Every structure is written in structure tokens, then in C-alpha cells.
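Only one structure is covered here, and it is reproduced in the block below.
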Amino acid sequence: MDYEFPKPPRSLVGKVAIVTGAGAHGDGIGNGRAIAILLAEDGCAVVCVDRDVALAQRTVEMIEGERGSGSGSGSNNNSSSGGGGGSGSGNFSGSTSTSTSSNNNPGPILQSEADSGPSLQSEADSGPSLPSEAEADIESGQPPPANHAAAVTTTATSTSTVAVPIAVAMAGDVSVEADCKSIVDSTLQQFGRLDILVNCVGIGGAAGTAVDVDMAAWTASMHINVGSMVMMAKYAVPAMRRNAIEPNWLYRGAIVNMGSVAGLKGGTPHLLYPTAKGAVVNMTRAMAAHHAADAIRVNCVCPGMVYTPMMYAGGRTMSEETRTARKNRSLLKTEGTGWDVACAVRFLAGPQARWITGVILPVDAGVTAAVGTDIPKSASVNG
Ligand SMILES: NC(=O)c1ccc[n+]([C@@H]2O[C@H](COP(=O)([O-])OP(=O)(O)OC[C@H]3O[C@@H](n4cnc5c(N)ncnc54)[C@H](O)[C@@H]3O)[C@@H](O)[C@H]2O)c1
């Protein structure tokens, strides 16, 4: 049925995302990894950035595995349809590992072709490339090709066709500005466009209260937790500005910044983390105002205490008692995971949130919705 006002689509087919901090220890589901997997599930090509490229590469393999097993797949070739997600065999097919080199710094590193298979660059040299086709579309102001899988290229050494990847791992330290620039440049070079930026990198940072925190560690931590998001946006926004506005999307690009419940409320033992996440929250509103005229939406997701590898891997452990205490501080008294965070990010990044910008969305089982739920009824005003 044709509606006077068509339903917003959900599919991300034909779109390209950068997710920073997309790796995680082992096969654990961190927030960035879950976000990359869910964006790919809806047909988006995803550049998985991590300073440890092996962790991002595992994310790419997991995306590849989901596609191989058919998990989350569905036919989803038409980005203007109102249908659901699913990567399907639509736009981008296959996954690969590729990285790029920055001219003047050690980060974004070039992975050897032996490790990662034929590189996109050498494919582009030997045949028609996706980037140049996509560039042409951007320059002409036309929407991107509806099915990028048509733009497969042939390697010089093989007669088999090599599909344009749906996910690539890219090494980069987002606290280094040259890396942020290289990440965006390389994304444009490989995919021809950038639609979504998820600024997921964040660290616990400097320990202590105002009395005892080390100020050099404070400055470095603020730079990683806040400055990195500014630097990624600095290069991503001009790239997004080049996108045509599609009738059903109504926007050129979307940025989702990773905040935290710690940035909304007090109660954390160390001063740096809640201060930095509080800055991310209001930076999101300021960015939303700055870039609305360019039809770029900027939103923020604030997770509660989700159980990610940050909590139990890399030399850290968490007792069952602590885990239970974390669950019980919420209204729902259940444990959240990276998937819960990723579902919110996917929504805010996609066209179903096309009329939403400047929003701060807690994903916290109700932690920020109420206080004092454990006190007796007799303590209330009407007893
Ligand atoms: N886990 C939680 O309970 C929780 C709660 C609220 C908010 N968050 C936020 O979610 C985000 C991700 O948390 P997580 O626990 O999933 O992640 P994590 O700590 O497991 O880190 C994910 C990845 O980020 C990479 N990384 C770290 N610094 C980087 C840098 N400078 N450049 C590039 N990559 C870098 C790491 O190598 C790692 O693979 C953070 O912003 C965090 O503050 C987490």
C-alpha cells in the first residue's frame, strides 16, 4: 500500500559506518563489537577500528561467520523499502581484513596481503573500483548504487571475482589525530562514502578524586574519552556532507557517541570517568546543533553497567557478588550486555531515527529512572 507519507525504512544497505573500539577480548561481546555486528546485520558496510587490529579482525570474522551461517540474514536489497533488517546477499558481500597506512605516523597500519588476502587497493588497481563509482555518484549528487555487490572487482592474479567487503578491520588509535584522518580517508578510498560514525572508544582513565588524581593522567584520559570523538567527527562530518539526501532518509549522516550512566549521575568512585562521560553527553547536544544544518544527526547512548569483556578480561575478574550487585541496582534487576547497547545505537544510527537528534538515550534497565525504590512504603508522603 502506498502511504501519503512513506514509512521510514530500516535497512542500512548501501551505507558505510565507522565503529571505533570495535574489537573485544576473545569472542566476548563488547559494545563496539556488538554495534559492528548489528550494523552489518542490517546491510551496512562496517569499518571496524581498533588500536589492536587483531581484536577488530575477530569482529570481522564474527560478522563473516554470521553471514555464512545465515544468522540475521534476509533479502534486503532495497534500501527504500519499509522492511526489516538483515544483511542478506544485498549490497556488500564477503568480509575481509584490511588496514591502511598513515603517511606520518605509525597507526593505521598496513596489514600484509598474505595475512589478509588480496587488498582492496590492488583490486582497485586492476579493475573498475567501487570507490570511483561511488565517488561519481556522490559528486553528481545522486544516491549511492542500490546494490554495491554489482561493483565486484577482479584481481590481477586470479580469474575469480572478489566481492566488495561488508566489514574490514582497520588499525588506528583514535587519540591520535593523524589516525582519525587516515581512518576516514581510508574509508572513503575503500567504500566511497561515509554515512555513520559510532564513537565507541572510552576508557576508565585516571584514578582518584580531585584530591589525589594525577593531572597529567587526567589530561591524557580526557583526550582519549572526549578529544577522540571530536577528532573523528572533525574528519567524518565533511565526508558525510558529500552524501546526497535520499527521500526516505532525510539526512546525510549520523553520529552516535558512547556516553555512560556515569555521565548522567554522580556515584562513581573516580572523578575522571563521570566527568568525561558528562562532557560526551553535552558535547552531543552541541554537535547536534552545529551539524543539523548539514542534515547530520548526532545522538548519544548511555549504557548502565553492562557485562562486557571490559569487566572480566585483560587481567580483570568480577566476583558473582559484584555482578549481582550491579544487576540489582537497576529497576529490572537483570544484566545488560553489549547487544542491548548495540540495539540502541543501531536504531539511532539508522533511518528509523531520522527525526531524532541531540537525544541522550540511557540503556540501563531503569537505573536513571527512579531513586529509592528499596525504601518502605511508609517512607513515602502518603505512607
Ligand atoms: N562496559 C560497560 O559497562 C560500559 C558502561 C557504560 C559505558 N561504556 C562505554 O562503552 C564503550 C565501550 O566499552 P566496552 O566495555 O565495550 O569496551 P572495551 O573496554 O572492551 O574496549 C573496546 C575496544 O576499544 C579499543 N580501544 C581502546 N582505546 C582505543 C583507542 N585509543 N583507539 C582505538 N581503539 C581503542 C580496545 O582495544 C578494545 O578492543 C566505552 O566508551 C565505555 O566507556 C561501557
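Each chain in the C-alpha cells gets a letter, A, B, ..., in the order shown, and its residues are numbered from 1; ligands are numbered from 1 in order too.
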
Per-residue nearest contacts of chain A to ligand 1 (7 Å; only C-alpha atoms and all ligand atoms) as JSON lines:
{"residue": "A:Thr20", "atom": "CA", "partner": "ligand 1", "partner_atom_place_in_ligand_line": "34 (N)", "distance": 6.0}
{"residue": "A:Gly21", "atom": "CA", "partner": "ligand 1", "partner_atom_place_in_ligand_line": "24 (O)", "distance": 3.4}
{"residue": "A:Ala22", "atom": "CA", "partner": "ligand 1", "partner_atom_place_in_ligand_line": "23 (C)", "distance": 5.6}
{"residue": "A:Gly23", "atom": "CA", "partner": "ligand 1", "partner_atom_place_in_ligand_line": "39 (O)", "distance": 3.7}
{"residue": "A:Ala24", "atom": "CA", "partner": "ligand 1", "partner_atom_place_in_ligand_line": "39 (O)", "distance": 4.2}
{"residue": "A:His25", "atom": "CA", "partner": "ligand 1", "partner_atom_place_in_ligand_line": "39 (O)", "distance": 6.5}
{"residue": "A:Gly30", "atom": "CA", "partner": "ligand 1", "partner_atom_place_in_ligand_line": "16 (O)", "distance": 3.6}
{"residue": "A:Asn31", "atom": "CA", "partner": "ligand 1", "partner_atom_place_in_ligand_line": "16 (O)", "distance": 3.6}
{"residue": "A:Gly32", "atom": "CA", "partner": "ligand 1", "partner_atom_place_in_ligand_line": "16 (O)", "distance": 5.5}
{"residue": "A:Val49", "atom": "CA", "partner": "ligand 1", "partner_atom_place_in_ligand_line": "33 (C)", "distance": 6.3}
{"residue": "A:Asp50", "atom": "CA", "partner": "ligand 1", "partner_atom_place_in_ligand_line": "34 (N)", "distance": 3.8}
{"residue": "A:Arg51", "atom": "CA", "partner": "ligand 1", "partner_atom_place_in_ligand_line": "33 (C)", "distance": 4.1}
{"residue": "A:Asp52", "atom": "CA", "partner": "ligand 1", "partner_atom_place_in_ligand_line": "37 (O)", "distance": 5.1}
{"residue": "A:Leu55", "atom": "CA", "partner": "ligand 1", "partner_atom_place_in_ligand_line": "39 (O)", "distance": 5.7}
{"residue": "A:Ala56", "atom": "CA", "partner": "ligand 1", "partner_atom_place_in_ligand_line": "39 (O)", "distance": 6.9}
{"residue": "A:Gly172", "atom": "CA", "partner": "ligand 1", "partner_atom_place_in_ligand_line": "33 (C)", "distance": 5.5}
{"residue": "A:Asp173", "atom": "CA", "partner": "ligand 1", "partner_atom_place_in_ligand_line": "32 (N)", "distance": 3.5}
{"residue": "A:Val174", "atom": "CA", "partner": "ligand 1", "partner_atom_place_in_ligand_line": "32 (N)", "distance": 4.2}
{"residue": "A:Ser175", "atom": "CA", "partner": "ligand 1", "partner_atom_place_in_ligand_line": "31 (N)", "distance": 4.9}
{"residue": "A:Cys200", "atom": "CA", "partner": "ligand 1", "partner_atom_place_in_ligand_line": "41 (O)", "distance": 4.8}
{"residue": "A:Val201", "atom": "CA", "partner": "ligand 1", "partner_atom_place_in_ligand_line": "41 (O)", "distance": 4.5}
{"residue": "A:Gly202", "atom": "CA", "partner": "ligand 1", "partner_atom_place_in_ligand_line": "41 (O)", "distance": 3.2}
{"residue": "A:Ile203", "atom": "CA", "partner": "ligand 1", "partner_atom_place_in_ligand_line": "43 (O)", "distance": 5.4}
{"residue": "A:Gly204", "atom": "CA", "partner": "ligand 1", "partner_atom_place_in_ligand_line": "43 (O)", "distance": 6.7}
{"residue": "A:Ile224", "atom": "CA", "partner": "ligand 1", "partner_atom_place_in_ligand_line": "31 (N)", "distance": 6.0}
{"residue": "A:Met258", "atom": "CA", "partner": "ligand 1", "partner_atom_place_in_ligand_line": "41 (O)", "distance": 5.1}
{"residue": "A:Gly259", "atom": "CA", "partner": "ligand 1", "partner_atom_place_in_ligand_line": "7 (C)", "distance": 5.8}
{"residue": "A:Ser260", "atom": "CA", "partner": "ligand 1", "partner_atom_place_in_ligand_line": "6 (C)", "distance": 4.2}
{"residue": "A:Val261", "atom": "CA", "partner": "ligand 1", "partner_atom_place_in_ligand_line": "6 (C)", "distance": 6.4}
{"residue": "A:Cys302", "atom": "CA", "partner": "ligand 1", "partner_atom_place_in_ligand_line": "6 (C)", "distance": 6.2}
{"residue": "A:Pro303", "atom": "CA", "partner": "ligand 1", "partner_atom_place_in_ligand_line": "6 (C)", "distance": 4.3}
{"residue": "A:Gly304", "atom": "CA", "partner": "ligand 1", "partner_atom_place_in_ligand_line": "5 (C)", "distance": 5.1}
{"residue": "A:Met305", "atom": "CA", "partner": "ligand 1", "partner_atom_place_in_ligand_line": "3 (O)", "distance": 3.9}
{"residue": "A:Val306", "atom": "CA", "partner": "ligand 1", "partner_atom_place_in_ligand_line": "3 (O)", "distance": 3.9}
{"residue": "A:Tyr307", "atom": "CA", "partner": "ligand 1", "partner_atom_place_in_ligand_line": "3 (O)", "distance": 5.6}
{"residue": "A:Thr308", "atom": "CA", "partner": "ligand 1", "partner_atom_place_in_ligand_line": "1 (N)", "distance": 4.9}
{"residue": "A:Pro309", "atom": "CA", "partner": "ligand 1", "partner_atom_place_in_ligand_line": "20 (O)", "distance": 5.2}
{"residue": "A:Met310", "atom": "CA", "partner": "ligand 1", "partner_atom_place_in_ligand_line": "20 (O)", "distance": 4.1}
{"residue": "A:Met311", "atom": "CA", "partner": "ligand 1", "partner_atom_place_in_ligand_line": "1 (N)", "distance": 6.6}
{"residue": "A:Gly338", "atom": "CA", "partner": "ligand 1", "partner_atom_place_in_ligand_line": "16 (O)", "distance": 6.6}

Go ahead and write the residues just picked, C-alpha atoms, as a JSON list (two decimals), in the first residue's frame.
[["chain", "number", "residue", "atom", "x", "y", "z"],
["A", 20, "THR", "CA", 35.74, 2.89, 16.84],
["A", 21, "GLY", "CA", 36.77, 0.39, 19.50],
["A", 22, "ALA", "CA", 35.11, -2.40, 17.51],
["A", 23, "GLY", "CA", 37.34, -5.09, 18.95],
["A", 24, "ALA", "CA", 36.95, -7.07, 22.16],
["A", 25, "HIS", "CA", 38.90, -9.73, 24.02],
["A", 30, "GLY", "CA", 31.93, -5.66, 23.87],
["A", 31, "ASN", "CA", 29.80, -2.67, 22.97],
["A", 32, "GLY", "CA", 31.78, -1.78, 19.84],
["A", 49, "VAL", "CA", 38.61, 0.32, 14.04],
["A", 50, "ASP", "CA", 40.75, -0.74, 16.97],
["A", 51, "ARG", "CA", 44.24, 0.08, 18.14],
["A", 52, "ASP", "CA", 44.65, -3.70, 18.43],
["A", 55, "LEU", "CA", 40.68, -7.76, 18.06],
["A", 56, "ALA", "CA", 38.89, -5.87, 15.28],
["A", 172, "GLY", "CA", 44.08, 3.03, 14.46],
["A", 173, "ASP", "CA", 44.47, 4.88, 17.72],
["A", 174, "VAL", "CA", 41.68, 7.43, 17.88],
["A", 175, "SER", "CA", 43.60, 9.52, 20.40],
["A", 200, "CYS", "CA", 32.63, 3.98, 20.98],
["A", 201, "VAL", "CA", 36.15, 4.22, 22.41],
["A", 202, "GLY", "CA", 36.20, 5.12, 26.08],
["A", 203, "ILE", "CA", 38.44, 4.14, 28.99],
["A", 204, "GLY", "CA", 38.17, 4.23, 32.76],
["A", 224, "ILE", "CA", 41.04, 9.77, 24.81],
["A", 258, "MET", "CA", 29.08, 6.47, 23.60],
["A", 259, "GLY", "CA", 28.30, 8.05, 26.93],
["A", 260, "SER", "CA", 27.50, 6.30, 30.19],
["A", 261, "VAL", "CA", 25.05, 6.48, 33.05],
["A", 302, "CYS", "CA", 24.38, 5.99, 27.87],
["A", 303, "PRO", "CA", 24.77, 2.39, 28.99],
["A", 304, "GLY", "CA", 24.38, 1.29, 32.56],
["A", 305, "MET", "CA", 26.67, -1.38, 33.96],
["A", 306, "VAL", "CA", 26.64, -3.86, 31.10],
["A", 307, "TYR", "CA", 28.70, -7.03, 31.31],
["A", 308, "THR", "CA", 31.34, -6.69, 28.61],
["A", 309, "PRO", "CA", 34.91, -8.04, 28.36],
["A", 310, "MET", "CA", 36.00, -4.72, 29.91],
["A", 311, "MET", "CA", 34.66, -6.25, 33.16],
["A", 338, "GLY", "CA", 26.74, -5.26, 24.58]]

Considering only C-alpha atoms, tabulate each residue of region 273-298 of chain A that lies at most 12 Å from region 232-252 of chain A along with its nearest interatomic pair and the corresponding distance in Å to one decimal; arrange the rows by chain and ascending residue number and present them as JSON lines.
{"residue": "A:Met283", "atom": "CA", "partner": "A:Ala233", "partner_atom": "CA", "distance": 11.4}
{"residue": "A:Thr284", "atom": "CA", "partner": "A:Ala233", "partner_atom": "CA", "distance": 10.9}
{"residue": "A:Met287", "atom": "CA", "partner": "A:Ala233", "partner_atom": "CA", "distance": 9.1}
{"residue": "A:Ala288", "atom": "CA", "partner": "A:Val237", "partner_atom": "CA", "distance": 11.5}
{"residue": "A:His290", "atom": "CA", "partner": "A:Val237", "partner_atom": "CA", "distance": 10.6}
{"residue": "A:His291", "atom": "CA", "partner": "A:Val237", "partner_atom": "CA", "distance": 8.0}
{"residue": "A:Ala292", "atom": "CA", "partner": "A:Tyr251", "partner_atom": "CA", "distance": 9.0}
{"residue": "A:Ala293", "atom": "CA", "partner": "A:Tyr251", "partner_atom": "CA", "distance": 10.0}
{"residue": "A:Asp294", "atom": "CA", "partner": "A:Arg241", "partner_atom": "CA", "distance": 6.4}
{"residue": "A:Ala295", "atom": "CA", "partner": "A:Tyr251", "partner_atom": "CA", "distance": 4.7}
{"residue": "A:Ile296", "atom": "CA", "partner": "A:Arg252", "partner_atom": "CA", "distance": 5.5}
{"residue": "A:Arg297", "atom": "CA", "partner": "A:Tyr251", "partner_atom": "CA", "distance": 7.3}
{"residue": "A:Val298", "atom": "CA", "partner": "A:Ala233", "partner_atom": "CA", "distance": 10.1}

Go ahead and write the residues just picked, N, CA and C atoms, as a PDB file, in the first residue's frame.
ATOM      1  N   MET A 283      28.459  17.473  24.835  1.00  0.00           N
ATOM      2  CA  MET A 283      29.098  17.642  23.534  1.00  0.00           C
ATOM      3  C   MET A 283      28.165  17.136  22.431  1.00  0.00           C
ATOM      4  N   THR A 284      27.434  16.077  22.733  1.00  0.00           N
ATOM      5  CA  THR A 284      26.495  15.527  21.743  1.00  0.00           C
ATOM      6  C   THR A 284      25.427  16.561  21.393  1.00  0.00           C
ATOM      7  N   MET A 287      27.045  19.321  19.310  1.00  0.00           N
ATOM      8  CA  MET A 287      27.311  18.840  17.953  1.00  0.00           C
ATOM      9  C   MET A 287      26.011  18.734  17.156  1.00  0.00           C
ATOM     10  N   ALA A 288      24.962  18.275  17.806  1.00  0.00           N
ATOM     11  CA  ALA A 288      23.668  18.143  17.110  1.00  0.00           C
ATOM     12  C   ALA A 288      23.227  19.496  16.573  1.00  0.00           C
ATOM     13  N   HIS A 290      25.242  22.082  15.911  1.00  0.00           N
ATOM     14  CA  HIS A 290      26.183  22.562  14.884  1.00  0.00           C
ATOM     15  C   HIS A 290      25.940  21.927  13.527  1.00  0.00           C
ATOM     16  N   HIS A 291      25.594  20.664  13.515  1.00  0.00           N
ATOM     17  CA  HIS A 291      25.588  19.928  12.244  1.00  0.00           C
ATOM     18  C   HIS A 291      24.185  19.644  11.706  1.00  0.00           C
ATOM     19  N   ALA A 292      23.170  20.146  12.384  1.00  0.00           N
ATOM     20  CA  ALA A 292      21.799  19.938  11.890  1.00  0.00           C
ATOM     21  C   ALA A 292      21.611  20.582  10.518  1.00  0.00           C
ATOM     22  N   ALA A 293      22.227  21.731  10.316  1.00  0.00           N
ATOM     23  CA  ALA A 293      22.056  22.420   9.026  1.00  0.00           C
ATOM     24  C   ALA A 293      22.632  21.593   7.879  1.00  0.00           C
ATOM     25  N   ASP A 294      23.543  20.703   8.201  1.00  0.00           N
ATOM     26  CA  ASP A 294      24.098  19.804   7.175  1.00  0.00           C
ATOM     27  C   ASP A 294      23.330  18.486   7.103  1.00  0.00           C
ATOM     28  N   ALA A 295      22.227  18.416   7.827  1.00  0.00           N
ATOM     29  CA  ALA A 295      21.414  17.191   7.869  1.00  0.00           C
ATOM     30  C   ALA A 295      22.216  16.013   8.436  1.00  0.00           C
ATOM     31  N   ILE A 296      23.022  16.316   9.426  1.00  0.00           N
ATOM     32  CA  ILE A 296      23.766  15.268  10.136  1.00  0.00           C
ATOM     33  C   ILE A 296      23.231  15.201  11.562  1.00  0.00           C
ATOM     34  N   ARG A 297      22.756  14.016  11.936  1.00  0.00           N
ATOM     35  CA  ARG A 297      22.190  13.830  13.270  1.00  0.00           C
ATOM     36  C   ARG A 297      23.280  13.352  14.237  1.00  0.00           C
ATOM     37  N   VAL A 298      23.187  13.834  15.478  1.00  0.00           N
ATOM     38  CA  VAL A 298      24.176  13.427  16.485  1.00  0.00           C
ATOM     39  C   VAL A 298      23.430  13.044  17.765  1.00  0.00           C
TER      40      VAL A 298
END

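The protein and nucleic acid residues lying at most 9 Å from Arg323 (chain A) are Tyr307, Met318, Ser319, Lys327, Asn328 and Glu335 of chain A, with only C-alpha atoms considered and sequence neighbours fewer than 4 positions away removed.
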
If you keep C-alpha atoms, can you produce a file of those selected residues as a CSV table (one decimal), in the first residue's frame?
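Dumped to selection.csv:
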chain,number,residue,atom,x,y,z
A,307,TYR,CA,28.7,-7.0,31.3
A,318,MET,CA,34.4,-9.8,38.6
A,319,SER,CA,33.0,-11.8,41.5
A,327,LYS,CA,22.2,-6.2,38.4
A,328,ASN,CA,20.2,-5.3,41.5
A,335,GLU,CA,22.0,-8.0,33.5

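Each of A:Val16, A:Leu272, A:Leu39, A:Cys48 was compared to Ala210 (chain A) using only C-alpha atoms, and A:Leu272 turns out to be the nearest.
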
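With only C-alpha atoms taken into account, the protein and nucleic acid residues at most 8 Å from Gln352 (chain A) (excluding it and anything under 2 positions from it in its own chain) are Pro8, Pro9, Arg10, Phe347, Leu348, Gly350, Arg354 and Trp355 of chain A.
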
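Between CA of Met62 (chain A) and CA of Ala342 (chain A) the separation is 15.2 Å.
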
Which parts of region 224-381 of chain A does DSSP call alpha helix (DSSP H) when run on the backbone here, written out as a compact mmCIF listing (two decimals) with N, CA and C atoms, in the first residue's frame?
# COMPACT_ATOMS: atom_id res chain seq x y z
N SER A 228 39.04 12.27 21.33
CA SER A 228 39.00 11.31 20.22
C SER A 228 37.69 11.45 19.44
N MET A 229 36.60 11.70 20.16
CA MET A 229 35.30 11.82 19.48
C MET A 229 35.23 13.09 18.64
N VAL A 230 35.86 14.15 19.16
CA VAL A 230 35.91 15.41 18.41
C VAL A 230 36.74 15.20 17.14
N MET A 231 37.88 14.56 17.29
CA MET A 231 38.78 14.39 16.14
C MET A 231 38.16 13.49 15.07
N MET A 232 37.46 12.44 15.50
CA MET A 232 36.79 11.60 14.50
C MET A 232 35.70 12.39 13.78
N ALA A 233 34.94 13.18 14.53
CA ALA A 233 33.88 13.98 13.91
C ALA A 233 34.47 15.04 12.97
N LYS A 234 35.62 15.57 13.35
CA LYS A 234 36.28 16.60 12.55
C LYS A 234 36.48 16.14 11.10
N TYR A 235 36.80 14.85 10.94
CA TYR A 235 37.03 14.34 9.58
C TYR A 235 35.79 13.64 9.01
N ALA A 236 34.94 13.12 9.89
CA ALA A 236 33.75 12.40 9.40
C ALA A 236 32.68 13.36 8.87
N VAL A 237 32.50 14.49 9.54
CA VAL A 237 31.42 15.41 9.13
C VAL A 237 31.61 15.89 7.68
N PRO A 238 32.80 16.36 7.30
CA PRO A 238 32.96 16.77 5.89
C PRO A 238 32.71 15.62 4.92
N ALA A 239 33.05 14.40 5.31
CA ALA A 239 32.78 13.25 4.44
C ALA A 239 31.29 13.02 4.31
N MET A 240 30.56 13.15 5.40
CA MET A 240 29.10 12.95 5.37
C MET A 240 28.41 14.04 4.57
N ARG A 241 28.96 15.26 4.64
CA ARG A 241 28.36 16.38 3.90
C ARG A 241 28.28 16.10 2.41
N LEU A 272 37.43 11.13 37.05
CA LEU A 272 37.64 11.33 35.61
C LEU A 272 36.51 10.79 34.75
N TYR A 273 36.13 9.54 34.99
CA TYR A 273 35.19 8.87 34.09
C TYR A 273 33.83 9.59 34.03
N PRO A 274 33.19 9.88 35.18
CA PRO A 274 31.91 10.59 35.09
C PRO A 274 32.05 11.99 34.49
N THR A 275 33.19 12.62 34.72
CA THR A 275 33.41 13.96 34.15
C THR A 275 33.51 13.88 32.63
N ALA A 276 34.30 12.91 32.15
CA ALA A 276 34.46 12.75 30.70
C ALA A 276 33.15 12.36 30.04
N LYS A 277 32.41 11.44 30.64
CA LYS A 277 31.16 11.00 30.03
C LYS A 277 30.10 12.10 30.11
N GLY A 278 30.16 12.90 31.16
CA GLY A 278 29.27 14.06 31.22
C GLY A 278 29.56 15.02 30.08
N ALA A 279 30.85 15.16 29.77
CA ALA A 279 31.23 16.02 28.64
C ALA A 279 30.72 15.44 27.33
N VAL A 280 30.79 14.13 27.20
CA VAL A 280 30.28 13.49 25.96
C VAL A 280 28.79 13.78 25.79
N VAL A 281 28.06 13.74 26.90
CA VAL A 281 26.62 13.99 26.84
C VAL A 281 26.34 15.39 26.30
N ASN A 282 26.95 16.39 26.87
CA ASN A 282 26.62 17.75 26.40
C ASN A 282 27.31 18.10 25.09
N MET A 283 28.46 17.47 24.83
CA MET A 283 29.10 17.64 23.53
C MET A 283 28.17 17.14 22.43
N THR A 284 27.43 16.08 22.73
CA THR A 284 26.49 15.53 21.74
C THR A 284 25.43 16.56 21.39
N ARG A 285 24.89 17.23 22.41
CA ARG A 285 23.85 18.24 22.14
C ARG A 285 24.43 19.39 21.32
N ALA A 286 25.65 19.81 21.68
CA ALA A 286 26.27 20.92 20.95
C ALA A 286 26.56 20.53 19.50
N MET A 287 27.05 19.32 19.31
CA MET A 287 27.31 18.84 17.95
C MET A 287 26.01 18.73 17.16
N ALA A 288 24.96 18.27 17.81
CA ALA A 288 23.67 18.14 17.11
C ALA A 288 23.23 19.50 16.57
N ALA A 289 23.43 20.53 17.37
CA ALA A 289 23.05 21.89 16.94
C ALA A 289 23.96 22.37 15.81
N HIS A 290 25.24 22.08 15.91
CA HIS A 290 26.18 22.56 14.88
C HIS A 290 25.94 21.93 13.53
N HIS A 291 25.59 20.66 13.52
CA HIS A 291 25.59 19.93 12.24
C HIS A 291 24.18 19.64 11.71
N PRO A 309 33.56 -7.56 28.02
CA PRO A 309 34.91 -8.04 28.36
C PRO A 309 35.71 -7.03 29.19
N MET A 310 35.34 -5.74 29.09
CA MET A 310 36.00 -4.72 29.91
C MET A 310 35.93 -5.11 31.39
N MET A 311 34.90 -5.89 31.75
CA MET A 311 34.66 -6.25 33.16
C MET A 311 35.36 -7.53 33.58
N TYR A 312 35.65 -8.41 32.62
CA TYR A 312 36.15 -9.72 33.05
C TYR A 312 37.39 -10.21 32.31
N GLU A 320 30.93 -13.00 41.51
CA GLU A 320 29.48 -13.18 41.32
C GLU A 320 28.71 -12.19 42.19
N GLU A 321 29.27 -11.91 43.37
CA GLU A 321 28.62 -10.98 44.30
C GLU A 321 28.53 -9.58 43.67
N THR A 322 29.65 -9.14 43.07
CA THR A 322 29.66 -7.82 42.44
C THR A 322 28.72 -7.79 41.24
N ARG A 323 28.74 -8.89 40.50
CA ARG A 323 27.87 -8.97 39.32
C ARG A 323 26.39 -8.84 39.73
N THR A 324 26.06 -9.53 40.80
CA THR A 324 24.67 -9.48 41.29
C THR A 324 24.33 -8.07 41.78
N ALA A 325 25.28 -7.45 42.45
CA ALA A 325 25.04 -6.08 42.95
C ALA A 325 24.80 -5.12 41.79
N ARG A 326 25.54 -5.30 40.70
CA ARG A 326 25.36 -4.46 39.52
C ARG A 326 23.95 -4.64 38.94
N LYS A 327 23.52 -5.89 38.88
CA LYS A 327 22.17 -6.17 38.35
C LYS A 327 21.10 -5.51 39.23
N ASN A 328 21.29 -5.68 40.53
CA ASN A 328 20.23 -5.29 41.47
C ASN A 328 20.10 -3.80 41.68
N GLY A 338 26.43 -6.11 25.73
CA GLY A 338 26.74 -5.26 24.58
C GLY A 338 25.63 -5.24 23.55
N TRP A 339 24.89 -6.33 23.45
CA TRP A 339 23.79 -6.36 22.46
C TRP A 339 22.74 -5.30 22.78
N ASP A 340 22.45 -5.13 24.08
CA ASP A 340 21.42 -4.15 24.47
C ASP A 340 21.85 -2.74 24.08
N VAL A 341 23.14 -2.47 24.25
CA VAL A 341 23.67 -1.16 23.86
C VAL A 341 23.64 -1.01 22.35
N ALA A 342 24.05 -2.08 21.66
CA ALA A 342 24.13 -2.03 20.20
C ALA A 342 22.77 -1.84 19.54
N CYS A 343 21.73 -2.43 20.13
CA CYS A 343 20.39 -2.26 19.55
C CYS A 343 20.00 -0.78 19.55
N ALA A 344 20.33 -0.09 20.63
CA ALA A 344 20.00 1.33 20.73
C ALA A 344 20.83 2.14 19.73
N VAL A 345 22.10 1.79 19.58
CA VAL A 345 22.98 2.51 18.65
C VAL A 345 22.50 2.30 17.22
N ARG A 346 22.17 1.06 16.89
CA ARG A 346 21.70 0.78 15.52
C ARG A 346 20.44 1.59 15.21
N PHE A 347 19.55 1.67 16.17
CA PHE A 347 18.34 2.47 15.96
C PHE A 347 18.69 3.93 15.72
N LEU A 348 19.51 4.50 16.58
CA LEU A 348 19.82 5.93 16.45
C LEU A 348 20.63 6.23 15.18
N ALA A 349 21.40 5.27 14.72
CA ALA A 349 22.21 5.48 13.52
C ALA A 349 21.39 5.36 12.25

DSSP strand (DSSP E) residues within region 180-318 of chain A, as a list of chain:residue names: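 Listing strand (DSSP E) positions across region 180-318 of chain A yields A:Ile196, A:Leu197, A:Val198, A:Asn199, A:Gly253, A:Ala254, A:Ile255, A:Val256, A:Asn257, A:Met258, A:Ile296, A:Arg297, A:Val298, A:Asn299, A:Cys300, A:Val301, A:Cys302, A:Pro303.
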
d(CA of Pro6 (chain A), CA of Ile196 (chain A)) in Å: 22.6 Å

Residues within 8 Å of Asn299 (chain A), only C-alpha atoms, excluding chain neighbours under 3 positions, as a list in words: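 What passes the distance filter is Ala254, Ile255, Val256, Asn257, Thr284, Arg285, Ala288, Leu348, Ile356, Thr357, Gly358, Val359, Ile360 and Leu361 of chain A.
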